[in-house]
Amino acid sequence: MFPVPPGQPFGGLPMMPFQAMTQQATRHARRVYVGGLSPLANEQTVATFFSQVMAAVGGNTAGPGDAVVNVYINYEKKFAFVEMRTVEEASNAMSLDGIIFEGAPVKVRRPSDYNPSLAATLGPSHPIPNLNLAAVGLTPGASGALEGPERIFVGGLPYYIPEAQIKELLESLGALKGFDLVKDRETGNSKGYAFCAYQDPAVTDIACAALNGIIMGDKTLTVRRASVGTTLQKPEQESVLLHAQQQVALQRIMLQQGTAATKVVCLTQVVTEDELRSDEDYEDIIVDMREEGGKFGALTKVVIPRPSPDGEPVQGVGKVFLEYAETESSTRARTGMNGRKFGGNEVVAVFYPEDKFEQGDYSL
């Protein structure tokens with residue numbers, strides 16, 4: 001063997017220092033994505049801000065000095081990749097999701113090239129406990145906990161359901177570790193989907209099975225693990241799942257009770273499009289709905305949208321709208337009809353906005 005002087009190429013190829021090789025191999029796990037930056041942000045301000053914040057919360061586990069070693073900004077799309085000294089410090093930075101930077105909250109996420117399996121061999125994948133997030137105006141466990149294989153996607157949320165009521169539904173199955181209702185940055189309105197994670201990982205599959213496919217308002221929820229992969233329900237979870245589904249059913253009723261009553265009740269899962277195509281069947285359904293709805297009070301109008309003969313889409317097909325003279329009657333109707341079996345289906349009865357109904361808008 002012949003000694004090779006430091007820096008001397010071997011076989012005509014330059015040798016990469018061991019430290020540089022290590023940095024390259026761990027970079028995907030040491031970087032975090034920061035989205036929603038203000039137009040005034042630059043590499044220096046981002047680096048200084050996150051280094052100071054990491055020190056303030058106690059996230060500098062690698063010792064004294066700045067946690068941030070490099071920043072890349074995409075000015076057009078207003079996001080940055082912030083590179084930390086260590087894998088552990090990058091994981092600690094995940095707890096900073098939602099922090100206010102230059103007057104606006106920013107999103108802190110893993111980058112698209114993050115490899116969870118490989119990262120787990122390089123260092124901690126989750127923030128250390130007891131970070132002093134309150135020092136920078138954050139609530140522990142608010143949204144930075146939404147990483148890893150237990151992250152749940154909740155889609156199909158009605159836009160008008162308050163955030164607090166969505167959390168109530170999710171929390172009927174267990175304590176949440178994190179929750180994030182995705183909102184439009186300009187308007188602040190819900191985009192109709194959210195992410196959450198439970199403190200107990202064992203609840204993840206139970207929650208997905210219990211909540212997926214349930215009706216909320218007039219929409220059907222899609223609830224599944226956010227990460228790609230297939231999960232199998234364990235046999236010992238069956239009894240727990242049954243109980244969870246019962247809890248969800250109760251919570252659905254509680255959510256609806258918390259909604260302001262209107263004079264209009266909307267019924268779903270009562271009629272099918274095929275039943276509405278026949279004039280004879282349609283008249284029978286109108287008579288039946290007037291008779292059933294009239295048991296709860298004076299009806300002023302019954303509306304059942306029908307499919308268009310030429311196949312053009314029609315708002316509200318498959319729904320039955322009952323307008324009452326008084327909210328007391330509509331409240332009795334909603335309570336009495338919600339959950340009843342009709343043609344093998346469980347009827348869903350919800351209050352409907354009076355202004356939308358008067359305008360003939362049956363799209364909600």
# chains A, B, ... in the order shown; residues from 1 in each chain; ligands from 1
>>> select_by_dssp(residues="region 257-294 of chain A", states="helix (DSSP H, G or I)", output="PyMOL selection string")
chain A and resi 257+273-277+279-294
>>> residues_around(residues="Gly192 (chain A)", least_positions_apart="3", cutoff="12 Å", atoms="only C-alpha atoms", output="VMD selection string")
chain A and resid 153 to 163 166 180 to 184 188 to 189 195 216 219 to 222
>>> residues_around(residues="region 302-318 of chain A", least_positions_apart="5", cutoff="7 Å", atoms="only C-alpha atoms", output="MDAnalysis selection string")
chainID A and resid 268 271:273 276:277 290 323 362:363
>>> write_last_selection(atoms="N, CA, C and O atoms", output="PDB file, in the first residue's frame")
ATOM      1  N   THR A 268     -81.012  13.636   2.778  1.00  0.00           N
ATOM      2  CA  THR A 268     -80.242  12.894   1.780  1.00  0.00           C
ATOM      3  C   THR A 268     -80.360  11.410   2.070  1.00  0.00           C
ATOM      4  O   THR A 268     -80.732  11.007   3.171  1.00  0.00           O
ATOM      5  N   VAL A 271     -83.962   9.281  -1.713  1.00  0.00           N
ATOM      6  CA  VAL A 271     -84.419   8.924  -3.053  1.00  0.00           C
ATOM      7  C   VAL A 271     -83.224   8.735  -3.980  1.00  0.00           C
ATOM      8  O   VAL A 271     -82.133   9.249  -3.719  1.00  0.00           O
ATOM      9  N   THR A 272     -83.446   8.005  -5.063  1.00  0.00           N
ATOM     10  CA  THR A 272     -82.403   7.808  -6.072  1.00  0.00           C
ATOM     11  C   THR A 272     -82.796   8.524  -7.363  1.00  0.00           C
ATOM     12  O   THR A 272     -83.969   8.867  -7.565  1.00  0.00           O
ATOM     13  N   GLU A 273     -81.833   8.732  -8.229  1.00  0.00           N
ATOM     14  CA  GLU A 273     -82.109   9.400  -9.504  1.00  0.00           C
ATOM     15  C   GLU A 273     -83.117   8.617 -10.341  1.00  0.00           C
ATOM     16  O   GLU A 273     -83.996   9.193 -10.974  1.00  0.00           O
ATOM     17  N   LEU A 276     -86.657   9.208  -9.490  1.00  0.00           N
ATOM     18  CA  LEU A 276     -87.135  10.549  -9.821  1.00  0.00           C
ATOM     19  C   LEU A 276     -87.426  10.716 -11.312  1.00  0.00           C
ATOM     20  O   LEU A 276     -88.062  11.686 -11.717  1.00  0.00           O
ATOM     21  N   ARG A 277     -86.973   9.783 -12.145  1.00  0.00           N
ATOM     22  CA  ARG A 277     -87.169   9.912 -13.592  1.00  0.00           C
ATOM     23  C   ARG A 277     -88.616   9.612 -14.000  1.00  0.00           C
ATOM     24  O   ARG A 277     -89.156  10.198 -14.936  1.00  0.00           O
ATOM     25  N   ARG A 290     -94.650  14.853   1.763  1.00  0.00           N
ATOM     26  CA  ARG A 290     -95.569  15.796   2.410  1.00  0.00           C
ATOM     27  C   ARG A 290     -96.222  15.159   3.639  1.00  0.00           C
ATOM     28  O   ARG A 290     -96.387  15.798   4.673  1.00  0.00           O
ATOM     29  N   GLU A 323     -89.582  22.785   3.629  1.00  0.00           N
ATOM     30  CA  GLU A 323     -89.633  24.115   4.247  1.00  0.00           C
ATOM     31  C   GLU A 323     -90.842  24.193   5.176  1.00  0.00           C
ATOM     32  O   GLU A 323     -91.968  23.886   4.775  1.00  0.00           O
ATOM     33  N   TYR A 362     -79.437  24.756  -4.647  1.00  0.00           N
ATOM     34  CA  TYR A 362     -79.456  23.492  -3.908  1.00  0.00           C
ATOM     35  C   TYR A 362     -78.107  22.791  -3.952  1.00  0.00           C
ATOM     36  O   TYR A 362     -78.012  21.571  -3.817  1.00  0.00           O
ATOM     37  N   SER A 363     -77.036  23.560  -4.137  1.00  0.00           N
ATOM     38  CA  SER A 363     -75.720  22.985  -4.376  1.00  0.00           C
ATOM     39  C   SER A 363     -74.959  22.593  -3.124  1.00  0.00           C
ATOM     40  O   SER A 363     -74.013  21.827  -3.185  1.00  0.00           O
TER      41      SER A 363
END
>>> residues_around(residues="Asn132 (chain A)", least_positions_apart="5", cutoff="8 Å", atoms="only C-alpha atoms", output="list in words")
Ala56, Val57 and Gly58 of chain A
>>> closest_residue(among="A:Asp200, A:Glu83, A:Glu88, A:Asp274", to="Thr61 (chain A)", atoms="only C-alpha atoms")
A:Glu88
>>> select_by_dssp(residues="region 84-218 of chain A", states="strand (DSSP E)", output="PyMOL selection string")
chain A and resi 84+100-101+104-105+107-109+152-155+176-183+190-198+215-216
>>> residues_around(residues="Val203 (chain A)", least_positions_apart="2", cutoff="12 Å", atoms="only C-alpha atoms", output="short mmCIF file (atom, residue, chain, number, x, y, z; two decimals) with N, CA and C atoms, in the first residue's frame")
data_model
loop_
_atom_site.label_atom_id
_atom_site.label_comp_id
_atom_site.auth_asym_id
_atom_site.auth_seq_id
_atom_site.Cartn_x
_atom_site.Cartn_y
_atom_site.Cartn_z
N GLU A 150 -48.23 8.17 10.96
CA GLU A 150 -49.54 8.21 11.62
C GLU A 150 -50.36 9.43 11.20
N ARG A 151 -49.86 10.23 10.27
CA ARG A 151 -50.56 11.42 9.80
C ARG A 151 -51.79 11.00 9.00
N ILE A 152 -52.94 11.62 9.28
CA ILE A 152 -54.21 11.26 8.66
C ILE A 152 -54.73 12.39 7.79
N LEU A 170 -63.25 14.44 15.49
CA LEU A 170 -62.01 13.66 15.51
C LEU A 170 -61.66 13.23 16.93
N GLU A 171 -61.86 14.12 17.89
CA GLU A 171 -61.48 13.84 19.27
C GLU A 171 -62.44 12.88 19.95
N SER A 172 -63.57 12.57 19.30
CA SER A 172 -64.47 11.56 19.88
C SER A 172 -63.83 10.18 19.87
N LEU A 173 -62.74 10.03 19.10
CA LEU A 173 -62.05 8.74 19.00
C LEU A 173 -60.75 8.70 19.80
N GLY A 174 -60.29 9.86 20.26
CA GLY A 174 -59.03 9.89 21.01
C GLY A 174 -58.43 11.28 21.00
N ALA A 175 -57.46 11.47 21.90
CA ALA A 175 -56.79 12.76 22.02
C ALA A 175 -55.90 13.02 20.80
N LEU A 176 -56.00 14.23 20.26
CA LEU A 176 -55.20 14.60 19.11
C LEU A 176 -53.82 15.09 19.50
N LYS A 177 -52.83 14.73 18.71
CA LYS A 177 -51.47 15.25 18.89
C LYS A 177 -51.28 16.50 18.04
N CYS A 196 -54.53 15.43 10.53
CA CYS A 196 -54.48 15.29 11.99
C CYS A 196 -53.61 14.10 12.35
N ALA A 197 -53.28 14.02 13.62
CA ALA A 197 -52.54 12.87 14.15
C ALA A 197 -52.99 12.67 15.60
N TYR A 198 -53.09 11.42 16.01
CA TYR A 198 -53.53 11.09 17.37
C TYR A 198 -52.33 10.84 18.28
N GLN A 199 -52.50 11.14 19.54
CA GLN A 199 -51.44 10.90 20.52
C GLN A 199 -51.11 9.42 20.61
N ASP A 200 -52.14 8.59 20.53
CA ASP A 200 -51.95 7.14 20.58
C ASP A 200 -51.94 6.60 19.14
N PRO A 201 -50.80 6.12 18.64
CA PRO A 201 -50.73 5.63 17.25
C PRO A 201 -51.72 4.51 16.96
N ASP A 205 -55.58 3.69 12.65
CA ASP A 205 -56.36 2.84 11.76
C ASP A 205 -57.82 2.77 12.19
N ILE A 206 -58.06 2.80 13.48
CA ILE A 206 -59.43 2.76 13.98
C ILE A 206 -60.19 4.00 13.51
N ALA A 207 -59.54 5.15 13.62
CA ALA A 207 -60.18 6.41 13.20
C ALA A 207 -60.44 6.41 11.70
N CYS A 208 -59.48 5.93 10.92
CA CYS A 208 -59.67 5.89 9.46
C CYS A 208 -60.86 5.01 9.09
N ALA A 209 -60.95 3.85 9.72
CA ALA A 209 -62.03 2.93 9.41
C ALA A 209 -63.38 3.46 9.87
N ALA A 210 -63.40 4.11 11.04
CA ALA A 210 -64.66 4.58 11.61
C ALA A 210 -65.19 5.83 10.90
N LEU A 211 -64.29 6.69 10.45
CA LEU A 211 -64.71 7.98 9.90
C LEU A 211 -64.85 7.97 8.38
N ARG A 225 -54.82 7.29 5.90
CA ARG A 225 -53.45 7.70 6.21
C ARG A 225 -52.93 8.60 5.09
N GLN A 233 -56.35 -3.97 9.30
CA GLN A 233 -56.97 -3.88 10.61
C GLN A 233 -56.67 -5.14 11.42
N LYS A 234 -56.22 -4.96 12.64
CA LYS A 234 -55.91 -6.08 13.51
C LYS A 234 -57.20 -6.66 14.09
N GLN A 237 -58.78 -5.15 17.08
CA GLN A 237 -59.31 -3.79 16.97
C GLN A 237 -60.79 -3.77 16.61
N VAL A 240 -63.07 -2.44 19.31
CA VAL A 240 -62.77 -1.03 19.50
C VAL A 240 -63.36 -0.21 18.36
N LEU A 241 -63.27 -0.75 17.13
CA LEU A 241 -63.80 -0.06 15.97
C LEU A 241 -65.32 0.07 16.07
N ALA A 244 -66.02 2.78 18.33
CA ALA A 244 -65.65 4.05 17.70
C ALA A 244 -66.73 4.52 16.74
#
>>> closest_residue(among="A:Phe351, A:Phe357, A:Phe50, A:Phe81", to="Ser112 (chain A)", atoms="only C-alpha atoms")
A:Phe81
>>> residues_around(residues="Asp66 (chain A)", least_positions_apart="2", cutoff="12 Å", atoms="only C-alpha atoms", output="ChimeraX atom specification")
/A:47-56,59-64,68-70,83-86,89
>>> atom_distance(atom1="CA of Arg30 (chain A)", atom2="CA of Ala90 (chain A)")
5.1 Å
>>> closest_residue(among="A:Arg109, A:Arg27, A:Arg340, A:Lys78", to="Pro39 (chain A)", atoms="only C-alpha atoms")
A:Lys78
>>> closest_residue(among="A:Val320, A:Ala202, A:Leu299, A:Ala261", to="Ile285 (chain A)", atoms="only C-alpha atoms")
A:Val320
